[in-house]
Structures are given as C-alpha cells and as structure tokens.
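Student: Next comes the structure file target_33.cif, holding mmCIF, C-alpha atoms.
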data_upload
loop_
_atom_site.label_atom_id
_atom_site.label_comp_id
_atom_site.auth_asym_id
_atom_site.auth_seq_id
_atom_site.Cartn_x
_atom_site.Cartn_y
_atom_site.Cartn_z
CA MET M 140 14.02 -61.92 14.02
CA ALA M 141 10.54 -60.77 14.99
CA LYS M 142 11.54 -57.26 14.03
CA GLU M 143 12.71 -58.35 10.60
CA LYS M 144 9.41 -60.10 10.08
CA GLY M 145 7.61 -56.87 10.86
CA GLU M 146 9.74 -55.09 8.33
CA LEU M 147 8.86 -57.59 5.65
CA LYS M 148 5.16 -57.05 6.24
CA GLU M 149 5.61 -53.30 6.05
CA GLY M 150 7.33 -53.69 2.71
CA GLU M 151 4.46 -55.78 1.41
CA LYS M 152 1.89 -53.27 2.55
CA GLY M 153 3.83 -50.53 0.80
CA GLY M 154 2.74 -52.16 -2.44
CA ASP M 155 5.58 -50.60 -4.43
CA GLU M 156 6.93 -54.05 -5.19
CA LYS M 157 5.80 -56.10 -8.13
CA LEU M 158 2.68 -58.10 -7.50
CA GLU M 159 3.89 -61.47 -6.37
CA ALA M 160 1.89 -64.30 -4.98
CA LYS M 161 2.66 -64.74 -1.30
CA ASP M 162 4.26 -68.15 -1.56
CA ASP M 163 6.40 -67.31 -4.57
CA VAL M 164 9.89 -68.56 -3.94
CA LYS M 165 12.54 -66.09 -5.02
CA ILE M 166 16.18 -66.91 -4.48
CA ASP M 167 19.67 -65.93 -5.48
CA LYS M 168 19.92 -67.99 -8.65
CA TRP M 169 23.73 -68.16 -8.53
CA ASP M 170 23.71 -69.84 -5.14
CA GLY M 171 23.72 -73.62 -5.67
CA THR M 172 22.58 -74.59 -2.19
CA ALA M 173 19.78 -72.03 -2.27
CA LEU M 174 18.59 -73.55 -5.57
CA LYS M 175 18.61 -77.05 -4.18
CA ASN M 176 16.88 -76.03 -0.97
CA ALA M 177 14.18 -74.16 -2.89
CA LEU M 178 13.51 -77.18 -5.11
CA ASP M 179 13.57 -79.64 -2.22
CA ASP M 180 11.18 -77.47 -0.23
CA LYS M 181 8.90 -77.23 -3.23
CA VAL M 182 8.79 -81.03 -3.60
CA ARG M 183 7.96 -81.30 0.09
CA LYS M 184 5.19 -78.75 -0.35
CA ILE M 185 3.71 -80.57 -3.33
CA PHE M 186 3.65 -83.87 -1.49
CA THR M 187 2.28 -82.57 1.80
CA GLU M 188 -0.08 -79.85 0.56
CA LYS M 189 -1.24 -80.94 -2.89
CA TYR M 190 -1.36 -84.69 -2.38
CA LYS M 191 -2.01 -84.42 1.38
CA TYR M 192 0.55 -87.04 2.24
CA VAL M 193 1.89 -87.13 5.76
CA GLU M 194 5.58 -86.40 6.14
CA CYS M 195 7.49 -88.91 8.23
CA HIS M 196 10.16 -87.06 10.22
CA LYS M 197 11.98 -90.06 11.60
CA LEU M 198 15.19 -89.67 9.55
CA MET M 199 15.51 -85.97 10.35
CA ASP M 200 14.63 -86.50 14.02
CA ILE M 201 17.40 -89.06 14.48
CA ARG M 202 19.87 -86.61 12.94
CA LEU M 203 18.63 -83.84 15.22
CA THR M 204 18.94 -86.09 18.26
CA ILE M 205 22.56 -86.90 17.41
CA CYS M 206 23.31 -83.18 16.99
CA VAL M 207 21.55 -82.19 20.20
CA THR M 208 23.43 -84.83 22.19
CA ALA M 209 26.78 -83.75 20.73
CA VAL M 210 26.21 -80.06 21.38
CA SER M 211 24.97 -80.84 24.92
CA ALA M 212 28.14 -82.80 25.63
CA ALA M 213 30.21 -79.81 24.51
CA MET M 214 28.16 -77.34 26.54
CA PHE M 215 28.36 -79.59 29.60
CA ALA M 216 32.17 -79.69 29.25
CA LEU M 217 32.24 -75.91 29.01
CA VAL M 218 30.10 -75.37 32.11
CA TYR M 219 31.80 -78.09 34.15
CA ASP M 220 35.25 -76.74 33.30
CA TYR M 221 34.10 -73.26 34.28
CA LEU M 222 32.82 -74.46 37.66
CA ASN M 223 35.77 -76.79 38.36
CA PRO M 224 38.85 -75.27 36.69
CA PHE M 225 41.05 -77.48 34.61
CA PRO M 226 43.09 -80.05 36.48
CA ALA M 227 40.00 -81.00 38.54
CA SER M 228 37.79 -81.36 35.47
CA LYS M 229 40.21 -83.57 33.54
CA PHE M 230 38.19 -86.79 33.46
CA VAL M 231 34.91 -85.09 32.66
CA LEU M 232 36.67 -83.27 29.82
CA ILE M 233 38.14 -86.50 28.43
CA THR M 234 34.70 -88.10 28.51
CA CYS M 235 33.00 -85.15 26.84
CA VAL M 236 35.66 -84.75 24.15
CA LEU M 237 35.57 -88.44 23.26
CA THR M 238 31.75 -88.48 23.27
CA TYR M 239 31.63 -85.43 21.06
CA PHE M 240 34.00 -86.73 18.40
CA ALA M 241 32.40 -90.18 18.49
CA LEU M 242 29.01 -88.55 17.86
CA MET M 243 30.45 -86.50 15.00
CA GLY M 244 31.66 -89.77 13.48
CA VAL M 245 28.23 -91.34 13.98
CA LEU M 246 26.62 -88.30 12.36
CA THR M 247 28.87 -88.57 9.31
CA LEU M 248 28.15 -92.28 8.96
CA TYR M 249 24.45 -91.66 9.45
CA THR M 250 24.20 -88.98 6.77
CA THR M 251 26.31 -90.91 4.24
CA PHE M 252 25.00 -94.45 4.72
CA ILE M 253 21.49 -94.15 6.14
CA GLU M 254 20.14 -90.76 5.14
CA LYS M 255 21.88 -90.78 1.74
CA GLY M 256 20.37 -87.48 0.67
CA ILE M 257 16.78 -88.51 1.46
CA PHE M 258 15.04 -85.28 2.34
CA LEU M 259 11.46 -86.44 2.36
CA VAL M 260 9.61 -89.57 3.37
CA ALA M 261 5.92 -89.10 2.67
CA LYS M 262 3.27 -91.60 3.66
CA HIS M 263 -0.18 -91.98 2.30
CA THR M 264 -2.56 -93.85 4.54
CA ASP M 265 -5.79 -95.00 2.97
CA PRO M 266 -8.63 -93.15 4.73
CA ILE M 267 -10.88 -96.23 4.68
CA GLY M 268 -8.06 -98.46 5.85
CA MET M 269 -8.46 -100.93 2.98
CA ASP M 270 -5.16 -100.37 1.23
CA PRO M 271 -1.82 -100.55 3.01
CA THR M 272 0.18 -97.37 3.59
CA LYS M 273 2.05 -96.15 0.53
CA VAL M 274 5.50 -94.73 1.06
CA PHE M 275 7.34 -92.20 -1.12
CA THR M 276 11.03 -91.68 -0.46
CA VAL M 277 12.49 -88.66 -2.20
CA THR M 278 16.18 -88.02 -2.85
CA SER M 279 17.82 -85.17 -4.72
CA VAL M 280 21.32 -84.34 -5.89
CA LEU M 281 22.63 -81.03 -7.16
CA LYS M 282 26.38 -81.16 -7.52
CA ARG M 283 28.47 -78.13 -6.77
CA PHE M 284 29.08 -75.91 -9.82
CA ASP M 285 26.65 -78.07 -11.78
CA ASP M 286 23.24 -76.97 -12.99
CA ASN M 287 21.71 -80.45 -13.27
CA TYR M 288 19.26 -81.29 -10.54
CA HIS M 289 18.61 -84.99 -10.11
CA LEU M 290 15.35 -85.89 -8.41
CA SER M 291 14.59 -89.48 -7.61
CA ILE M 292 11.44 -90.85 -6.01
CA GLU M 293 11.12 -94.35 -4.66
CA TYR M 294 7.65 -95.69 -4.27
CA ASN M 295 6.33 -98.66 -2.39
CA ASP M 296 2.60 -99.32 -2.37
CA GLY M 297 2.92 -101.37 0.79
CA LYS M 298 1.29 -104.52 -0.56
CA PRO M 299 3.06 -107.67 0.57
CA GLY M 300 5.56 -108.85 -2.00
CA SER M 301 5.39 -105.67 -4.08
CA LYS M 302 8.69 -104.24 -5.18
CA THR M 303 9.84 -100.70 -4.57
CA ILE M 304 9.80 -98.89 -7.88
CA GLU M 305 11.85 -95.84 -8.68
CA ALA M 306 11.48 -92.95 -11.08
CA SER M 307 13.80 -90.03 -11.57
CA PHE M 308 14.73 -87.13 -13.79
CA THR M 309 17.81 -85.02 -14.26
CA LYS M 310 17.28 -81.55 -15.63
CA SER M 311 19.04 -78.22 -15.65
CA VAL M 312 17.68 -75.90 -12.98
CA ALA M 313 17.41 -73.27 -15.68
CA ASN M 314 14.18 -75.02 -16.75
CA TRP M 315 12.39 -73.97 -13.59
CA PHE M 316 13.75 -70.63 -12.44
CA ASP M 317 13.17 -67.43 -14.35
CA GLU M 318 15.70 -64.66 -14.83
CA ASN M 319 14.96 -63.13 -11.42
CA GLY M 320 15.36 -66.40 -9.57
CA VAL M 321 11.63 -67.03 -9.07
CA LEU M 322 10.58 -70.66 -9.11
CA THR M 323 7.98 -71.25 -11.84
CA ASP M 324 5.13 -73.76 -12.09
CA ARG M 325 7.07 -75.84 -14.57
CA PHE M 326 8.87 -77.58 -11.75
CA GLU M 327 5.60 -78.57 -10.13
CA ASN M 328 4.45 -80.04 -13.44
CA ASP M 329 7.61 -82.10 -13.73
CA VAL M 330 7.25 -83.42 -10.19
CA ASN M 331 3.57 -84.22 -10.78
CA ALA M 332 4.49 -86.13 -13.92
CA LEU M 333 7.03 -88.17 -11.97
CA HIS M 334 4.52 -88.83 -9.20
CA ASN M 335 1.79 -89.91 -11.60
CA GLN M 336 4.20 -92.13 -13.50
CA LEU M 337 4.91 -94.00 -10.26
CA GLU M 338 1.26 -94.29 -9.28
CA SER M 339 0.20 -95.57 -12.70
CA GLY M 340 3.23 -97.85 -12.83
CA LYS M 341 1.74 -99.56 -9.84
CA LYS M 342 -1.40 -100.42 -11.82
CA THR M 343 0.41 -102.01 -14.74
CA ASN M 344 2.63 -104.07 -12.45
CA MET C 99 12.81 -52.84 3.78
CA ASN C 100 12.28 -55.85 1.58
CA SER C 101 15.69 -55.40 0.07
CA ALA C 102 17.31 -55.45 3.52
CA VAL C 103 15.64 -58.78 4.18
CA GLU C 104 16.78 -60.02 0.78
CA LEU C 105 20.31 -58.80 1.31
CA LEU C 106 20.66 -60.82 4.50
CA GLY C 107 19.05 -63.84 2.89
CA LEU C 108 16.38 -63.85 5.58
CA GLN C 109 13.50 -64.66 3.25
CA GLU C 110 14.94 -68.14 3.03
CA LEU C 111 14.77 -68.37 6.81
CA PHE C 112 11.05 -67.61 6.77
CA ARG C 113 10.39 -70.53 4.43
CA MET C 114 12.08 -73.05 6.69
CA THR C 115 10.23 -75.57 8.80
CA LYS C 116 10.74 -75.83 12.55
CA ARG C 117 13.05 -78.80 12.14
CA GLN C 118 15.13 -77.00 9.54
CA ILE C 119 15.50 -73.97 11.80
CA LEU C 120 16.47 -76.18 14.72
CA TYR C 121 19.04 -77.93 12.54
CA GLN C 122 20.36 -74.56 11.41
CA VAL C 123 20.89 -73.50 15.03
CA LEU C 124 22.47 -76.87 15.86
CA ASN C 125 24.76 -76.55 12.86
CA PHE C 126 26.02 -73.28 14.26
CA GLY C 127 26.30 -74.92 17.67
CA MET C 128 28.37 -77.73 16.19
CA ILE C 129 30.85 -75.35 14.60
CA VAL C 130 31.35 -73.63 17.95
CA SER C 131 31.40 -76.97 19.79
CA SER C 132 34.00 -78.48 17.46
CA ALA C 133 36.39 -75.61 18.14
CA LEU C 134 35.67 -75.86 21.86
CA MET C 135 36.18 -79.61 21.97
CA ILE C 136 39.47 -79.42 20.05
CA TRP C 137 40.65 -76.84 22.57
CA LYS C 138 39.52 -78.89 25.58
CA GLY C 139 41.07 -81.99 24.02
CA LEU C 140 44.39 -80.17 23.66
CA MET C 141 44.10 -79.09 27.28
CA VAL C 142 43.81 -82.69 28.39
CA VAL C 143 46.64 -83.88 26.14
CA THR C 144 49.11 -81.15 27.11
CA GLY C 145 48.04 -80.82 30.73
CA SER C 146 48.01 -77.06 30.36
CA GLU C 147 44.88 -75.02 30.90
CA SER C 148 45.82 -72.88 27.89
CA PRO C 149 47.86 -75.00 25.46
CA ILE C 150 48.29 -72.29 22.83
CA VAL C 151 49.11 -68.67 23.65
CA VAL C 152 50.11 -65.62 21.67
CA VAL C 153 53.03 -63.43 22.75
CA LEU C 154 51.58 -59.99 23.36
CA SER C 155 54.65 -58.02 24.39
CA GLY C 156 58.22 -57.56 23.24
CA SER C 157 59.71 -58.41 26.62
CA MET C 158 61.17 -61.71 25.38
CA GLU C 159 62.91 -60.38 22.28
CA PRO C 160 64.91 -61.63 20.50
CA ALA C 161 63.61 -65.09 21.44
CA PHE C 162 59.94 -64.28 20.81
CA HIS C 163 58.33 -61.33 19.09
CA ARG C 164 54.89 -59.88 19.38
CA GLY C 165 52.45 -62.16 17.59
CA ASP C 166 54.38 -65.41 17.93
CA LEU C 167 52.25 -68.43 18.67
CA LEU C 168 53.51 -70.65 21.51
CA PHE C 169 52.65 -74.27 22.25
CA LEU C 170 52.73 -75.14 25.93
CA THR C 171 52.87 -78.34 27.92
CA ASN C 172 52.52 -78.74 31.64
CA PHE C 173 53.28 -82.35 32.57
CA ARG C 174 53.65 -83.21 36.23
CA GLU C 175 56.52 -85.61 35.61
CA ASP C 176 58.46 -82.96 33.72
CA PRO C 177 59.76 -80.43 36.27
CA ILE C 178 60.60 -76.86 35.36
CA LYS C 179 64.31 -76.00 35.20
CA VAL C 180 66.22 -72.74 35.27
CA GLY C 181 66.39 -71.32 31.75
CA ASP C 182 63.00 -72.70 30.66
CA ILE C 183 60.54 -70.26 29.20
CA VAL C 184 57.30 -70.46 31.14
CA VAL C 185 53.88 -68.88 30.90
CA PHE C 186 52.45 -67.83 34.23
CA LYS C 187 49.44 -66.09 35.68
CA VAL C 188 49.55 -63.34 38.26
CA GLU C 189 46.59 -62.59 40.50
CA GLY C 190 44.85 -59.45 39.40
CA ARG C 191 46.12 -59.69 35.80
CA ASP C 192 43.88 -61.11 33.09
CA ILE C 193 46.61 -61.90 30.61
CA PRO C 194 49.29 -64.55 31.31
CA ILE C 195 52.95 -63.57 30.89
CA VAL C 196 55.70 -65.40 28.95
CA HIS C 197 59.13 -65.08 30.63
CA ARG C 198 62.28 -67.09 31.35
CA VAL C 199 62.96 -68.81 34.68
CA LEU C 200 65.86 -67.03 36.41
CA LYS C 201 65.99 -68.65 39.84
CA LEU C 202 64.38 -71.80 41.14
CA HIS C 203 64.27 -73.30 44.63
CA GLU C 204 62.98 -76.79 45.19
CA LYS C 205 62.01 -78.05 48.62
CA GLU C 206 62.05 -81.63 49.81
CA ASP C 207 58.24 -81.73 49.92
CA GLY C 208 58.21 -81.03 46.16
CA SER C 209 57.07 -77.42 46.27
CA VAL C 210 58.99 -74.91 44.16
CA LYS C 211 59.64 -71.20 44.27
CA ILE C 212 60.32 -69.60 40.90
CA LEU C 213 61.58 -66.17 39.91
CA THR C 214 61.25 -65.08 36.28
CA LYS C 215 62.56 -62.31 34.07
CA GLY C 216 61.91 -61.17 30.52
CA ASP C 217 65.01 -61.49 28.29
CA ASN C 218 64.49 -57.96 27.05
CA ASN C 219 63.72 -56.46 30.49
CA SER C 220 66.47 -54.97 32.66
CA VAL C 221 64.99 -56.16 35.97
CA ASP C 222 63.34 -59.35 37.21
CA ASP C 223 59.58 -59.76 37.44
CA ARG C 224 58.99 -58.98 41.14
CA GLY C 225 57.50 -55.66 40.08
CA LEU C 226 54.98 -57.52 37.89
CA TYR C 227 53.85 -60.00 40.53
CA ALA C 228 50.96 -59.28 42.85
CA PRO C 229 51.82 -56.80 45.64
CA GLY C 230 53.90 -58.57 48.28
CA GLN C 231 54.48 -61.64 46.08
CA LEU C 232 58.19 -62.51 45.75
CA TRP C 233 58.03 -65.94 44.10
CA LEU C 234 55.84 -67.88 41.69
CA GLN C 235 54.55 -71.27 42.72
CA LYS C 236 53.68 -74.37 40.75
CA LYS C 237 50.00 -73.41 40.65
CA ASP C 238 50.79 -70.09 38.94
CA ILE C 239 52.46 -71.81 35.99
CA VAL C 240 50.24 -72.32 32.91
CA GLY C 241 52.91 -74.25 31.02
CA ARG C 242 56.34 -74.20 29.48
CA ALA C 243 56.97 -73.23 25.88
CA ARG C 244 57.71 -76.26 23.72
CA GLY C 245 57.42 -74.81 20.23
CA PHE C 246 56.42 -71.69 18.40
CA VAL C 247 55.16 -70.42 15.08
CA PRO C 248 56.35 -66.91 14.30
CA TYR C 249 53.87 -64.06 13.74
CA VAL C 250 50.78 -66.23 13.18
CA GLY C 251 49.13 -64.71 16.22
CA ILE C 252 49.22 -61.18 14.88
CA VAL C 253 45.48 -61.45 14.14
CA THR C 254 44.88 -62.13 17.82
CA ILE C 255 46.85 -59.02 18.72
CA LEU C 256 44.81 -56.93 16.29
CA MET C 257 41.61 -58.33 17.79
CA ASN C 258 42.91 -57.68 21.29
CA ASP C 259 43.84 -54.10 20.46
CA TYR C 260 40.57 -53.37 18.67
CA PRO C 261 37.81 -55.21 20.53
CA LYS C 262 35.12 -53.69 18.30
CA PHE C 263 36.80 -55.24 15.26
CA LYS C 264 36.69 -58.61 17.02
CA TYR C 265 32.99 -58.36 17.81
CA ALA C 266 32.24 -57.18 14.28
CA VAL C 267 34.06 -60.15 12.72
CA LEU C 268 32.52 -62.68 15.11
CA GLY C 269 29.06 -61.16 14.69
CA CYS C 270 29.24 -61.27 10.87
CA LEU C 271 30.45 -64.87 10.85
CA GLY C 272 27.73 -65.87 13.31
CA ILE C 273 24.96 -64.28 11.27
CA PHE C 274 26.32 -65.79 8.06
CA VAL C 275 26.32 -69.31 9.48
CA LEU C 276 22.89 -68.95 11.06
CA VAL C 277 21.23 -67.48 8.00
CA HIS C 278 22.74 -69.53 5.21
CA ARG C 279 21.51 -73.04 4.82
CA GLU C 280 24.12 -75.66 4.36
#
Would you mind giving the structure from this file in structure tokens?

Tutor:
Amino acid sequence: MAKEKGELKEGEKGGDEKLEAKDDVKIDKWDGTALKNALDDKVRKIFTEKYKYVECHKLMDIRLTICVTAVSAAMFALVYDYLNPFPASKFVLITCVLTYFALMGVLTLYTTFIEKGIFLVAKHTDPIGMDPTKVFTVTSVLKRFDDNYHLSIEYNDGKPGSKTIEASFTKSVANWFDENGVLTDRFENDVNALHNQLESGKKTN
Amino acid sequence: MNSAVELLGLQELFRMTKRQILYQVLNFGMIVSSALMIWKGLMVVTGSESPIVVVLSGSMEPAFHRGDLLFLTNFREDPIKVGDIVVFKVEGRDIPIVHRVLKLHEKEDGSVKILTKGDNNSVDDRGLYAPGQLWLQKKDIVGRARGFVPYVGIVTILMNDYPKFKYAVLGCLGIFVLVHRE
C-alpha cells in the first residue's frame, strides 16, 4: 500500500493531469456504493471540519468490537484445531462455531435495529459550558439501482424537555456529481442549508 | 501511475478513516471466517475431519468419476462394513484416497484392520499404503461416503492441477473485497 501511495504522489508531481484541488473527490459515477460513500464522507467532513463538531464513534466502535470478537473466535478455532487435530478439538470447535454464528446474528440485529444506517453522530459542546451539548445524528439511504439519495439529520439541542427535530432531503445524485464523477460544491450547499434549517428551527421553537 | 491507482479503486482507500479501514479488513476477515466456521461446524456435525472431498482419480469408476463431490460421515457408533466406500489417509501422502473396503477384521477389543481396493484397479491397495503397512486402522479413516454430487468438484481439480490459477483467482478476490467498500 505504501508503494501505491508513492506512485500517486509521483503522478501528482508529473503535473500532466488536470489541475484538481487535493481533496477533490472523484469516483466511478456508475458505482452506487461509491456514490453513497463519497456523499457520506463529505457530510462527515462538513460536520467535523467546517462546523468543528466532534464525531462520536460509539456506534461504529460497538460494531467493530462485535466484528473483532467474531473474527478472533474463528481464528482461535483455526489455531486450536491446528495444534490439537480434530477429534481432540471437538468441544472447542463447537464453542467457537456457536459463538461465531451468535455474534453474526447480534451484528445483523445491531445494524438493522440500533445503527439503522446512522453513519455520523456529531456533538457540539459549548466552549463556555453554558449551553448543553447539541447532538446531530445523520442517516442516509441510497437504494440499489436508484439515483435518489436521502439524507436525514436529527438534531437535539440538549436542553431538558426539548424535542428532537428532524430535517431531510431526497435528491438525485446527478445534482452533485459532474460528468467525470467529481463531487461539486453544490452538495455542500445543500447540506449547509439543511444544517442551518435545523439550527434556526431551534430558535423558533 | 494515477490511472493504475484509479483502476484498482485505491483512491477510495486513501480517503477512508482508520475505523473504516479497520472495518474493511474485518469485513474481509468475516468472509473468510464464515467459510471456515461452516467447515468446522460440518466437521463437528459429521465427525469427520474433512466432511466434503472431491474425487481426484478415476480409480473408483464407474461408481465415482473425477470431480465428483463426496459427503462423508465418521460416527463412532456406526462401524465400517465390507463394501463401504471409505476415504482414508496414508502416511507420507498429502491427498486422501477414496476406495472400497475389501476385507475387514474386527478384534474383541474393538480395533479393526481394513484392506481397501479401487473398483477400477486390478489389485488391492497394499502398494499404495506406506512401506511395510498391510492394513488400515480406524485412525486412518477420514470417513465413509454417504452421498455425492457428480462433477461439481471439477473446479477443485482444475485448481489442483494449476496452482498458479488458484492463487490468481484467490488473490483477485481478496484484493477486490479489501479495496471495495461495502
């Protein structure tokens, strides 16, 4: 991987490519998952870099922990079976196999019922400590073979008794990517509009 | 150079956060683990250390042909009888052999001596056993054939005959899974 990185830098130095800003996101525009990932990453970037919110990794970390445990169980079974060939390793194998499939079930339940497509939880803590922490929860959906990207942001200003408000838009991805698959600023504008709508909504409430 | 990176979809990898990269690796790990755990699960259920094998030679024709997929079981309470088709290992040979039981001697203490022969071979298997070995024992048996699917295993034979092809296929799949985000 390090080598590939070196190659990329060489290509950039060559300067024969079009002038592109360094953080321009260019993707294969026919690849649905690549589109969604690019947009999701962009939303994350806007929230963490432009608004300076702090990303809360708890949801992702729990998922990673489940995965790590499952893969470790499988690897342990592999090593144990290698050291103590089969009939001797029977009970360890049963335990590992059951653990693994149970964890896969937990993972499925976790992603469908708890994560529910949330890819970003951003928190804004008031620097003076006067206002409570505001929480943005961002979810997105891009169905397979569909060009409509649905972005939904839930916002809670953390004040006791305040309700979580939600704002969302559904637009064709064609609005934001140009012909070459480069993500344009228009997406950032749309996300900003959504963000500001939520923040101002708080005032009128 | 840039186009090579683009072709492999690596530029997407560079944009990923540490957690996303870790998840990507784990995702690959889970695909491998799932296959492994299904295999180990089958081992436990069938009692055989290799519950599915592919017939690699024509020595059992016309019963089995090259490329047939065999399902094996190896239950303790289910003793081997003359006429059963068994899969056995021989010391010094990497690949197990599928042949029919020709003679079988059982002792009072429960130990067995087995002689096998391929249906399509003109002599018994003593020439195939380890030097000096005249009989197979219970520990040599991987399992007995309980069912088969014809010709499905031909891919395995191709991969066995052309190891480079196998590594190429596995390598490509591995890179694809690692590089492409779910």

Student: For the structure provided, state which residues fall under the PyMOL selection byres ((chain C and resi 164) around 10), and present them as a PDB file with C-alpha atoms, keeping the file's coordinate frame.

Tutor:
ATOM      1  CA  VAL C 152      50.110 -65.620  21.670  1.00  0.00           C
ATOM      2  CA  VAL C 153      53.030 -63.430  22.750  1.00  0.00           C
ATOM      3  CA  LEU C 154      51.580 -59.990  23.360  1.00  0.00           C
ATOM      4  CA  SER C 155      54.650 -58.020  24.390  1.00  0.00           C
ATOM      5  CA  GLY C 156      58.220 -57.560  23.240  1.00  0.00           C
ATOM      6  CA  SER C 157      59.710 -58.410  26.620  1.00  0.00           C
ATOM      7  CA  MET C 158      61.170 -61.710  25.380  1.00  0.00           C
ATOM      8  CA  GLU C 159      62.910 -60.380  22.280  1.00  0.00           C
ATOM      9  CA  PHE C 162      59.940 -64.280  20.810  1.00  0.00           C
ATOM     10  CA  HIS C 163      58.330 -61.330  19.090  1.00  0.00           C
ATOM     11  CA  GLY C 165      52.450 -62.160  17.590  1.00  0.00           C
ATOM     12  CA  ASP C 166      54.380 -65.410  17.930  1.00  0.00           C
ATOM     13  CA  LEU C 167      52.250 -68.430  18.670  1.00  0.00           C
ATOM     14  CA  PRO C 248      56.350 -66.910  14.300  1.00  0.00           C
ATOM     15  CA  TYR C 249      53.870 -64.060  13.740  1.00  0.00           C
ATOM     16  CA  VAL C 250      50.780 -66.230  13.180  1.00  0.00           C
ATOM     17  CA  GLY C 251      49.130 -64.710  16.220  1.00  0.00           C
ATOM     18  CA  ILE C 252      49.220 -61.180  14.880  1.00  0.00           C
ATOM     19  CA  ILE C 255      46.850 -59.020  18.720  1.00  0.00           C
TER      20      ILE C 255
END

Student: Here's the selection I'm unsure about, the PyMOL selection byres ((chain C) within 8 of (chain M)); applied to the file above, which residues does it give, as a PyMOL selection string?

Tutor: chain C and resi 99-100+103+110+117+120-121+124-125+127-128+131+134-136+138-139+142+145+147+279-280

Student: Please, which residues are within 9 Å of (11.7, -90.4, 4.3) by the file's coordinates, counting all atoms listed in the file, and could they come as a PyMOL selection string?

Tutor: chain M and resi 194-199+254+257-262+274-278

Student: What does the distance from CA of Leu290 (chain M) to CA of Leu322 (chain M) come to in Å, to one decimal?

Tutor: 16.0 Å

Student: Separation of CA of Lys298 (chain M) and CA of Leu333 (chain M), in Å?

Tutor: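 CA of Leu333 (chain M) lies 20.7 Å from CA of Lys298 (chain M).
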
Student: Separation of CA of Val321 (chain M) and CA of Lys168 (chain M), in Å?

Tutor: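 It comes out at 8.4 Å.
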
Student: Return as a VMD selection string the set of residues that the PyMOL selection byres ((chain C and resi 180) around 10) yields on the displayed structure.

Tutor: chain C and resid 178 to 179 181 to 183 198 to 203 212 to 214

Student: Pick the closest to Phe126 (chain C) from C:Phe186, C:Phe274, C:Trp233, C:Tyr260: which is it, counting only C-alpha atoms?

Tutor: C:Phe274

Student: Put a box with edges along x, y and z around all the listed atoms of region 186-204 of chain C, pad it by 4 Å on each side, then give me its centre and sizes in Å, one decimal, as lines of an AutoDock Vina configuration file.

Tutor:
center_x = 54.9
center_y = -68.1
center_z = 37.1
size_x = 30.1
size_y = 25.3
size_z = 24.2

Student: Could you pull the residues within 12 Å of region 229-231 of chain C, counting only C-alpha atoms, minus those fewer than 5 positions along the same chain, as a ChimeraX atom specification?

Tutor: /C:188-191,211-213,223-224,238

Student: Rank nothing, just name the residue among C:Asp176, C:Gln235, C:Pro149, C:Asp192 nearest to Lys205 (chain C), using all atoms listed in the file.

Tutor: C:Gln235
